[in-house]
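Novice: Got a file for you: target.csv, CSV, C-alpha atoms.
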```csv
chain,number,residue,atom,x,y,z
A,24,MET,CA,0.0,0.0,0.0
A,25,MET,CA,1.3,3.4,-1.0
A,26,LYS,CA,1.9,6.1,1.6
A,27,LYS,CA,-0.8,8.7,1.5
A,28,SER,CA,1.6,11.6,2.3
A,29,PHE,CA,4.6,12.5,0.0
A,30,GLU,CA,8.0,11.5,1.2
A,31,GLU,CA,9.4,14.5,-0.7
A,32,ARG,CA,7.3,17.4,-1.9
A,33,SER,CA,8.0,19.5,-4.9
A,34,VAL,CA,7.8,23.3,-4.6
A,35,LEU,CA,4.8,25.3,-5.4
A,36,SER,CA,5.6,29.0,-5.6
A,37,GLU,CA,3.3,32.0,-6.1
A,38,ARG,CA,5.7,34.0,-8.4
A,39,CYS,CA,9.1,34.1,-10.0
A,40,ASN,CA,10.2,36.5,-12.7
A,41,SER,CA,11.6,34.1,-15.3
A,42,ILE,CA,12.7,30.5,-16.1
A,43,GLU,CA,16.2,31.5,-15.1
A,44,GLU,CA,15.1,32.7,-11.7
A,45,ALA,CA,13.1,29.5,-11.1
A,46,ILE,CA,16.1,27.4,-12.0
A,47,ARG,CA,18.5,29.4,-9.8
A,48,THR,CA,16.1,29.4,-6.8
A,49,TYR,CA,14.7,25.9,-6.8
A,50,CYS,CA,17.4,23.9,-8.6
A,51,LYS,CA,20.2,25.7,-6.6
A,52,ALA,CA,22.0,26.5,-9.9
A,53,SER,CA,24.6,29.3,-9.8
A,54,ARG,CA,25.1,29.4,-13.5
A,55,ILE,CA,22.8,29.0,-16.5
A,56,ASP,CA,24.8,27.6,-19.5
A,57,ASP,CA,22.0,27.5,-22.1
A,58,LYS,CA,18.3,27.5,-22.7
A,59,LYS,CA,17.1,25.7,-25.8
A,60,PRO,CA,13.5,25.4,-27.1
A,61,ILE,CA,12.6,21.8,-27.8
A,62,SER,CA,9.6,20.3,-29.7
A,63,GLY,CA,7.2,17.6,-28.9
A,64,GLY,CA,4.3,19.2,-27.0
A,65,CYS,CA,1.1,20.5,-28.6
A,66,ILE,CA,-0.2,22.4,-25.5
A,67,SER,CA,2.8,24.0,-23.9
A,68,ARG,CA,6.2,25.3,-25.0
A,69,ALA,CA,9.2,23.5,-23.6
A,70,TYR,CA,12.9,24.2,-23.0
A,71,ARG,CA,16.0,22.3,-22.0
A,72,VAL,CA,18.0,24.4,-19.6
A,73,GLY,CA,21.7,23.5,-18.9
A,74,THR,CA,23.3,24.6,-15.6
A,75,ASP,CA,26.3,23.9,-13.5
A,76,VAL,CA,24.2,21.5,-11.4
A,77,GLY,CA,22.6,19.6,-14.2
A,78,THR,CA,20.1,19.9,-17.0
A,79,PHE,CA,16.4,20.6,-16.5
A,80,PHE,CA,13.2,20.4,-18.5
A,81,VAL,CA,10.8,23.3,-18.3
A,82,LYS,CA,7.3,23.6,-19.6
A,83,VAL,CA,5.8,27.1,-20.2
A,84,ASN,CA,2.2,28.0,-20.8
A,85,GLY,CA,0.6,31.4,-20.8
A,86,ASP,CA,-3.0,30.3,-21.1
A,87,GLU,CA,-5.6,30.9,-18.4
A,88,GLY,CA,-5.6,28.0,-15.9
A,89,ALA,CA,-2.1,26.9,-16.9
A,90,TYR,CA,-0.7,27.3,-13.4
A,91,GLU,CA,-3.4,25.0,-12.0
A,92,MET,CA,-2.8,22.5,-14.8
A,93,PHE,CA,0.9,22.4,-14.0
A,94,GLN,CA,0.2,22.1,-10.3
A,95,SER,CA,-2.0,19.0,-10.8
A,96,GLU,CA,0.6,17.5,-13.2
A,97,MET,CA,3.3,18.0,-10.6
A,98,GLU,CA,1.1,16.4,-7.9
A,99,GLY,CA,0.5,13.3,-10.1
A,100,LEU,CA,4.2,13.0,-11.0
A,101,GLN,CA,5.2,13.3,-7.4
A,102,VAL,CA,2.9,10.4,-6.3
A,103,MET,CA,4.2,8.2,-9.1
A,104,TYR,CA,7.8,9.1,-8.3
A,105,ASN,CA,7.2,8.2,-4.7
A,106,THR,CA,5.8,4.8,-5.5
A,107,LYS,CA,9.2,3.8,-6.9
A,108,THR,CA,7.4,1.4,-9.3
A,109,ILE,CA,8.4,3.1,-12.6
A,110,ARG,CA,10.7,5.9,-13.8
A,111,VAL,CA,9.1,9.3,-14.2
A,112,PRO,CA,10.7,12.8,-14.4
A,113,LYS,CA,11.2,14.1,-10.8
A,114,PRO,CA,9.1,17.3,-10.4
A,115,ILE,CA,11.0,20.2,-9.0
A,116,CYS,CA,8.8,23.4,-8.9
A,117,CYS,CA,5.8,25.1,-10.3
A,118,CYS,CA,5.4,28.8,-10.4
A,119,GLN,CA,3.9,31.8,-12.2
A,120,SER,CA,6.3,34.1,-14.2
A,121,SER,CA,6.3,36.9,-16.7
A,122,GLU,CA,6.6,34.2,-19.4
A,123,GLY,CA,3.6,32.3,-18.1
A,124,ALA,CA,3.1,29.3,-15.8
A,125,LEU,CA,6.3,27.2,-15.4
A,126,LEU,CA,6.8,23.6,-14.5
A,127,VAL,CA,10.4,22.5,-13.9
A,128,LEU,CA,11.2,18.8,-14.1
A,129,GLU,CA,14.3,16.7,-14.0
A,130,ASN,CA,15.5,16.4,-17.6
A,131,ILE,CA,15.6,12.7,-18.8
A,132,GLU,CA,17.5,11.8,-22.0
A,133,MET,CA,15.3,9.3,-23.8
A,134,SER,CA,15.3,7.3,-26.9
A,135,GLY,CA,12.1,6.3,-28.7
A,136,ARG,CA,12.6,2.6,-29.3
A,137,VAL,CA,10.4,0.6,-27.1
A,138,ASP,CA,11.6,-3.0,-28.0
A,139,LYS,CA,10.4,-6.4,-26.7
A,140,LYS,CA,12.6,-6.1,-23.5
A,141,ILE,CA,11.2,-2.7,-22.7
A,142,GLN,CA,7.6,-3.8,-23.4
A,143,VAL,CA,8.0,-6.7,-20.9
A,144,MET,CA,9.5,-4.4,-18.3
A,145,LEU,CA,6.8,-1.8,-18.9
A,146,GLY,CA,4.0,-4.3,-18.4
A,147,GLU,CA,5.4,-5.4,-15.1
A,148,GLN,CA,6.1,-1.9,-13.9
A,149,ILE,CA,2.6,-0.5,-14.8
A,150,ALA,CA,1.1,-3.5,-13.0
A,151,ASN,CA,3.2,-2.6,-10.0
A,152,LEU,CA,1.9,1.0,-10.2
A,153,HIS,CA,-1.7,-0.2,-10.4
A,154,GLN,CA,-1.1,-2.2,-7.2
A,155,CYS,CA,-0.6,1.1,-5.3
A,156,HIS,CA,-4.1,1.6,-4.0
A,157,GLY,CA,-5.9,4.6,-2.5
A,158,ASP,CA,-9.0,4.6,-0.3
A,159,SER,CA,-11.4,6.0,-2.9
A,160,PHE,CA,-11.7,6.8,-6.6
A,161,GLY,CA,-10.6,10.2,-7.8
A,162,PHE,CA,-7.6,12.3,-6.7
A,163,SER,CA,-6.7,15.1,-4.4
A,164,VAL,CA,-6.7,17.6,-7.3
A,165,ASN,CA,-8.6,18.1,-10.6
A,166,ASN,CA,-6.3,17.9,-13.7
A,167,THR,CA,-6.6,17.9,-17.5
A,168,ILE,CA,-6.8,15.1,-20.1
A,169,GLY,CA,-5.2,16.9,-23.0
A,170,SER,CA,-6.6,20.3,-22.6
A,171,THR,CA,-10.0,19.2,-21.2
A,172,PRO,CA,-10.7,19.4,-17.5
A,173,GLN,CA,-10.8,16.1,-15.7
A,174,ILE,CA,-12.7,16.2,-12.5
A,175,ASN,CA,-11.2,14.1,-9.6
A,176,VAL,CA,-11.9,15.8,-6.3
A,177,ASN,CA,-15.5,14.6,-6.0
A,178,ARG,CA,-14.2,11.3,-4.7
A,179,SER,CA,-16.3,8.2,-4.4
A,180,SER,CA,-16.2,4.7,-3.0
A,181,ASP,CA,-18.2,3.5,-6.0
A,182,TRP,CA,-16.2,3.2,-9.2
A,183,VAL,CA,-19.1,2.9,-11.6
A,184,ASP,CA,-20.8,5.9,-10.2
A,185,PHE,CA,-17.6,7.9,-10.4
A,186,PHE,CA,-16.8,6.8,-14.0
A,187,VAL,CA,-20.4,7.5,-15.3
A,188,THR,CA,-20.7,10.9,-13.6
A,189,TRP,CA,-17.2,12.4,-13.9
A,190,ARG,CA,-16.0,10.7,-17.0
A,191,LEU,CA,-18.8,9.7,-19.5
A,192,LYS,CA,-21.5,12.2,-18.6
A,193,PHE,CA,-19.1,15.0,-18.0
A,194,GLN,CA,-17.7,14.5,-21.6
A,195,LEU,CA,-21.3,14.2,-23.0
A,196,ASP,CA,-22.3,17.5,-21.4
A,197,LEU,CA,-19.2,19.1,-22.9
A,198,LEU,CA,-20.2,17.6,-26.3
A,199,MET,CA,-23.6,19.3,-26.2
A,200,LYS,CA,-21.9,22.6,-25.2
A,201,ASN,CA,-19.2,22.4,-27.8
A,202,HIS,CA,-20.8,20.7,-30.7
A,203,HIS,CA,-24.6,20.4,-30.0
A,204,ASP,CA,-24.6,16.8,-31.1
A,205,GLU,CA,-28.0,15.7,-29.7
A,206,GLU,CA,-27.9,12.2,-31.3
A,207,VAL,CA,-24.5,11.2,-29.6
A,208,TYR,CA,-25.6,12.9,-26.4
A,209,LYS,CA,-28.9,11.1,-26.1
A,210,GLU,CA,-27.6,7.7,-27.0
A,211,GLY,CA,-24.5,8.3,-24.8
A,212,ILE,CA,-26.8,9.1,-21.9
A,213,ARG,CA,-28.8,5.9,-22.5
A,214,LEU,CA,-25.6,3.9,-22.5
A,215,SER,CA,-24.4,5.7,-19.4
A,216,ASN,CA,-27.5,4.6,-17.6
A,217,ASN,CA,-26.8,1.0,-18.4
A,218,VAL,CA,-23.0,0.9,-17.7
A,219,ILE,CA,-23.5,-1.0,-14.4
A,220,LYS,CA,-24.5,-4.1,-16.5
A,221,PHE,CA,-20.9,-4.6,-17.7
A,222,PHE,CA,-19.7,-4.8,-14.1
A,223,PRO,CA,-20.8,-8.2,-12.6
A,224,LYS,CA,-20.9,-8.4,-8.8
A,225,GLU,CA,-17.9,-10.9,-8.9
A,226,LEU,CA,-15.7,-8.1,-10.2
A,227,ILE,CA,-13.9,-6.5,-7.2
A,228,ILE,CA,-12.5,-3.1,-8.1
A,229,SER,CA,-9.9,-1.4,-5.9
A,230,PRO,CA,-8.8,2.2,-6.5
A,231,SER,CA,-5.5,1.8,-8.4
A,232,PHE,CA,-3.2,4.7,-9.1
A,233,LEU,CA,-3.3,5.4,-12.8
A,234,HIS,CA,-1.1,7.5,-15.1
A,235,GLY,CA,-4.4,8.3,-16.8
A,236,ASP,CA,-3.2,9.2,-20.3
A,237,LEU,CA,-0.9,6.4,-21.2
A,238,TRP,CA,-0.7,6.3,-25.0
A,239,GLY,CA,2.5,5.5,-26.9
A,240,GLY,CA,3.6,9.2,-27.1
A,241,ASN,CA,3.9,9.4,-23.3
A,242,VAL,CA,6.4,6.5,-23.1
A,243,GLY,CA,10.2,6.6,-23.7
A,244,VAL,CA,13.3,4.7,-22.8
A,245,LEU,CA,16.0,6.1,-20.5
A,246,GLN,CA,19.1,6.1,-22.6
A,247,SER,CA,21.6,5.5,-19.8
A,248,ASP,CA,19.9,2.5,-18.2
A,249,GLN,CA,17.6,1.2,-20.9
A,250,ILE,CA,14.5,1.2,-18.8
A,251,PRO,CA,11.0,2.6,-19.5
A,252,VAL,CA,10.0,6.1,-18.7
A,253,ILE,CA,6.5,7.5,-18.6
A,254,PHE,CA,5.5,11.2,-18.5
A,255,ASP,CA,2.7,13.8,-19.1
A,256,PRO,CA,0.2,12.1,-16.8
A,257,ALA,CA,-3.5,12.8,-16.0
A,258,CYS,CA,-3.4,10.9,-12.7
A,259,TYR,CA,-6.2,9.6,-10.5
A,260,TYR,CA,-7.2,6.5,-8.6
A,261,GLY,CA,-9.5,4.3,-10.8
A,262,HIS,CA,-10.1,0.9,-12.2
A,263,HIS,CA,-6.8,-0.5,-13.5
A,264,GLU,CA,-8.6,-1.7,-16.7
A,265,ALA,CA,-9.2,1.9,-17.6
A,266,GLU,CA,-5.5,2.4,-18.1
A,267,LEU,CA,-5.3,-0.4,-20.6
A,268,SER,CA,-8.0,1.1,-22.9
A,269,ILE,CA,-6.1,4.0,-24.4
A,270,MET,CA,-3.1,1.8,-24.8
A,271,THR,CA,-4.9,-0.1,-27.6
A,272,MET,CA,-6.3,2.9,-29.4
A,273,PHE,CA,-3.2,4.5,-30.9
A,274,GLY,CA,-0.6,1.7,-30.9
A,275,GLY,CA,2.8,1.5,-29.2
A,276,PHE,CA,2.1,-1.5,-26.9
A,277,ASP,CA,2.3,-5.1,-28.1
A,278,SER,CA,1.4,-8.5,-26.8
A,279,ASN,CA,4.7,-8.6,-24.8
A,280,PHE,CA,3.4,-5.7,-22.7
A,281,PHE,CA,-0.1,-7.2,-22.0
A,282,GLU,CA,1.3,-10.7,-21.3
A,283,SER,CA,3.7,-9.3,-18.8
A,284,TYR,CA,1.0,-7.1,-17.2
A,285,HIS,CA,-1.6,-9.8,-16.9
A,286,LYS,CA,1.0,-12.2,-15.2
A,287,LYS,CA,0.8,-9.7,-12.3
A,288,ILE,CA,-2.8,-8.6,-12.6
A,289,PRO,CA,-4.9,-11.4,-14.2
A,290,LYS,CA,-7.6,-10.4,-16.6
A,291,PHE,CA,-11.3,-10.6,-15.4
A,292,GLU,CA,-12.7,-12.0,-18.6
A,293,MET,CA,-16.5,-11.4,-18.1
A,294,TYR,CA,-17.4,-8.3,-20.2
A,295,PHE,CA,-13.7,-7.3,-20.4
A,296,LYS,CA,-14.0,-6.3,-24.0
A,297,GLU,CA,-17.1,-4.2,-23.4
A,298,ARG,CA,-15.5,-2.4,-20.5
A,299,GLN,CA,-12.5,-1.7,-22.7
A,300,GLN,CA,-14.9,-0.1,-25.2
A,301,LEU,CA,-16.5,2.0,-22.4
A,302,TYR,CA,-13.1,3.3,-21.3
A,303,GLN,CA,-12.1,4.0,-24.9
A,304,LEU,CA,-15.4,5.9,-25.3
A,305,TYR,CA,-14.2,8.4,-22.7
A,306,HIS,CA,-11.1,9.1,-24.7
A,307,TYR,CA,-12.9,9.3,-28.0
A,308,LEU,CA,-15.4,11.7,-26.6
A,309,ASN,CA,-12.6,13.8,-25.3
A,310,HIS,CA,-10.9,13.8,-28.7
A,311,TYR,CA,-14.3,14.8,-30.3
A,312,ASN,CA,-14.5,17.6,-27.8
A,313,MET,CA,-10.9,18.8,-28.4
A,314,PHE,CA,-10.4,18.2,-32.1
A,315,GLY,CA,-13.9,18.0,-33.7
A,316,SER,CA,-16.1,15.7,-35.6
A,317,GLY,CA,-13.3,13.5,-37.0
A,318,TYR,CA,-13.7,11.4,-33.9
A,319,ARG,CA,-17.5,11.3,-34.0
A,320,GLY,CA,-17.7,8.0,-35.9
A,321,SER,CA,-15.6,6.2,-33.3
A,322,CYS,CA,-18.0,7.5,-30.6
A,323,VAL,CA,-21.1,6.4,-32.5
A,324,ARG,CA,-19.6,3.0,-33.3
A,325,ILE,CA,-18.8,2.2,-29.6
A,326,ILE,CA,-22.1,3.5,-28.3
A,327,GLN,CA,-24.1,1.5,-30.9
A,328,SER,CA,-22.1,-1.6,-30.2
A,329,LEU,CA,-22.5,-1.5,-26.5
A,330,LEU,CA,-26.2,-0.6,-26.7
A,331,LYS,CA,-26.7,-3.6,-28.9
A,332,VAL,CA,-25.2,-5.8,-26.1
A,333,VAL,CA,-27.5,-4.1,-23.6
A,334,ASP,CA,-30.6,-4.6,-25.7
A,335,ASN,CA,-29.8,-8.2,-26.7
A,336,LYS,CA,-28.3,-9.6,-23.5
A,337,PHE,CA,-30.1,-7.9,-20.6
```
Do you think you could lay out the structure here as structure tokens?

Specialist:
Amino acid sequence: MMKKSFEERSVLSERCNSIEEAIRTYCKASRIDDKKPISGGCISRAYRVGTDVGTFFVKVNGDEGAYEMFQSEMEGLQVMYNTKTIRVPKPICCCQSSEGALLVLENIEMSGRVDKKIQVMLGEQIANLHQCHGDSFGFSVNNTIGSTPQINVNRSSDWVDFFVTWRLKFQLDLLMKNHHDEEVYKEGIRLSNNVIKFFPKELIISPSFLHGDLWGGNVGVLQSDQIPVIFDPACYYGHHEAELSIMTMFGGFDSNFFESYHKKIPKFEMYFKERQQLYQLYHYLNHYNMFGSGYRGSCVRIIQSLLKVVDNKF
């Protein structure tokens, strides 16, 4: 069982004037050698900052709410870091500056090749992460999934109720607000009201600590030690199966990962496929909300498929 309080806390600061000031103050650097912009993110700008005490990775975002977004990311990274189950960038500080909100992390040099050995290690380590349990579903802070708010603080002892209310119905309400799609909304609500049918009473669900946004783009390999690294989380305590759903949507994880994972956490077969579709629906609805109707077809396909099961089997 994971400790509920942090062994080490990162720093939250109200204000600093610049990236350089944050690095000098919270990383204890006396000299800034270089500050180079790097690519890879679609929401925030990023820099690699070299100093006399090491190299640091800095995210910068000037949008409204960015400071709160970085605070929640830092909180999730800190919990994962303290579990000692899998390598993540150590969070250092989060502050407001004239350049925008800043999140300063340990810089990790990564390669992109996730081979068979890494897949096996990753499966075991993600299973270890999921065996770190909380006492309820949700998290201490709200965060974001992509750029969309993800509500966590209304914690619950009932996973299905939490998932339906703060994942599916929350996204469906956003869909009506953003795209006025009454058909997807109405059928999505009908499905939401029947979700419990895919969770037989024999299925015992404990609140597992989840990365929350574990697609292939948020996984790398530590160059020096050749071990997996995960980053850019949207953490909360949830059903461990929910983590697996997005991993099958966009590629990057093969049978070696899933075999390794299920050796530690066996698959509960009854309605597993349907639950995976439910959890994928959350992410497809989020992509519809963020990027538009190109994801509508995937939402409709899943909703219709699951409603067919509801109508024919129950």

Novice: Using only C-alpha atoms, which of the listed residues (A:Arg319, A:Lys296, A:Arg190, A:Arg68) sits closest to Phe222 in chain A?

Specialist: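 Looking only at the distances to Phe222 in chain A, the closest residue turns out to be A:Lys296.
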
Novice: I want to know what sits within 12 Å of Glu87 in chain A, based on all atoms listed in the file, with residues of the same chain fewer than 6 positions away left out; could you give that as a PyMOL selection string?

Specialist: chain A and resi 93+119+123-124+170

Novice: Which residues are close to Val242 in chain A, i.e. within 12 Å by only C-alpha atoms, leaving aside same-chain residues fewer than 5 positions away? Reply as a PyMOL selection string.

Specialist: chain A and resi 109-112+131+133-138+141-142+145+149+234+236-237+250-256+270+274-276

Novice: Excluding Tyr284 in chain A and residues on its chain fewer than 5 positions from it, collect all residues at most 12 Å away from it, counting only C-alpha atoms, and give them as JSON, numbers by chain.

Specialist: {"A": [142, 143, 144, 145, 146, 147, 148, 149, 150, 151, 152, 153, 154, 263, 264, 266, 267, 276, 277, 278, 279, 289, 290]}

Novice: Counting all atoms listed in the file, what is within 12 Å of range 52-63 of chain A, bar same-chain residues fewer than 5 positions away, as a PDB file with C-alpha atoms, in the coordinates of the input?

Specialist:
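Once written, selection-v6.pdb looks like this:
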```
ATOM      1  CA  SER A  41      11.600  34.100 -15.300  1.00  0.00           C
ATOM      2  CA  ILE A  42      12.700  30.500 -16.100  1.00  0.00           C
ATOM      3  CA  GLU A  43      16.200  31.500 -15.100  1.00  0.00           C
ATOM      4  CA  GLU A  44      15.100  32.700 -11.700  1.00  0.00           C
ATOM      5  CA  ALA A  45      13.100  29.500 -11.100  1.00  0.00           C
ATOM      6  CA  ILE A  46      16.100  27.400 -12.000  1.00  0.00           C
ATOM      7  CA  ARG A  47      18.500  29.400  -9.800  1.00  0.00           C
ATOM      8  CA  ARG A  68       6.200  25.300 -25.000  1.00  0.00           C
ATOM      9  CA  ALA A  69       9.200  23.500 -23.600  1.00  0.00           C
ATOM     10  CA  TYR A  70      12.900  24.200 -23.000  1.00  0.00           C
ATOM     11  CA  ARG A  71      16.000  22.300 -22.000  1.00  0.00           C
ATOM     12  CA  VAL A  72      18.000  24.400 -19.600  1.00  0.00           C
ATOM     13  CA  GLY A  73      21.700  23.500 -18.900  1.00  0.00           C
ATOM     14  CA  THR A  74      23.300  24.600 -15.600  1.00  0.00           C
ATOM     15  CA  ASP A  75      26.300  23.900 -13.500  1.00  0.00           C
ATOM     16  CA  VAL A  76      24.200  21.500 -11.400  1.00  0.00           C
ATOM     17  CA  GLY A  77      22.600  19.600 -14.200  1.00  0.00           C
ATOM     18  CA  THR A  78      20.100  19.900 -17.000  1.00  0.00           C
ATOM     19  CA  PHE A  79      16.400  20.600 -16.500  1.00  0.00           C
ATOM     20  CA  PHE A  80      13.200  20.400 -18.500  1.00  0.00           C
ATOM     21  CA  VAL A  81      10.800  23.300 -18.300  1.00  0.00           C
ATOM     22  CA  LYS A  82       7.300  23.600 -19.600  1.00  0.00           C
ATOM     23  CA  VAL A  83       5.800  27.100 -20.200  1.00  0.00           C
ATOM     24  CA  ASN A 130      15.500  16.400 -17.600  1.00  0.00           C
ATOM     25  CA  GLY A 240       3.600   9.200 -27.100  1.00  0.00           C
ATOM     26  CA  ASN A 241       3.900   9.400 -23.300  1.00  0.00           C
ATOM     27  CA  ASP A 255       2.700  13.800 -19.100  1.00  0.00           C
TER      28      ASP A 255
END
```

Novice: List as a PyMOL selection string the protein and nucleic acid residues near Thr167 in chain A, meaning an atom at most 10 Å away when all atoms listed in the file are counted, but skip any in the same chain fewer than 2 places from it.

Specialist: chain A and resi 91-93+95-96+165+169-175+235-236+256-258

Novice: Between CA of Gly239 in chain A and CA of His310 in chain A, what distance in Å does the model show, to one decimal?

Specialist: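 Between these atoms lies a distance of 15.9 Å.
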
Novice: Which value, in Å to one decimal, gives the distance between CA of Pro223 in chain A and CA of Leu329 in chain A?

Specialist: 15.5 Å

Novice: Mind giving me the straight-line distance from CA of Lys113 in chain A to CA of Leu233 in chain A in Å, one decimal?

Specialist: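 Computing it gives 17.0 Å between the two atoms.
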
Novice: Which of these, A:Ser163, A:Ser231, A:Ser120, A:Thr188, has the shortest distance to Val176 in chain A once you count all atoms listed in the file?

Specialist: A:Ser163

Novice: Tell me which of A:Phe291, A:Val207, A:Phe280, A:Tyr104 sits closest to Ile227 in chain A, counting all atoms listed in the file.

Specialist: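 For Ile227 in chain A, the nearest of the candidates is A:Phe291.
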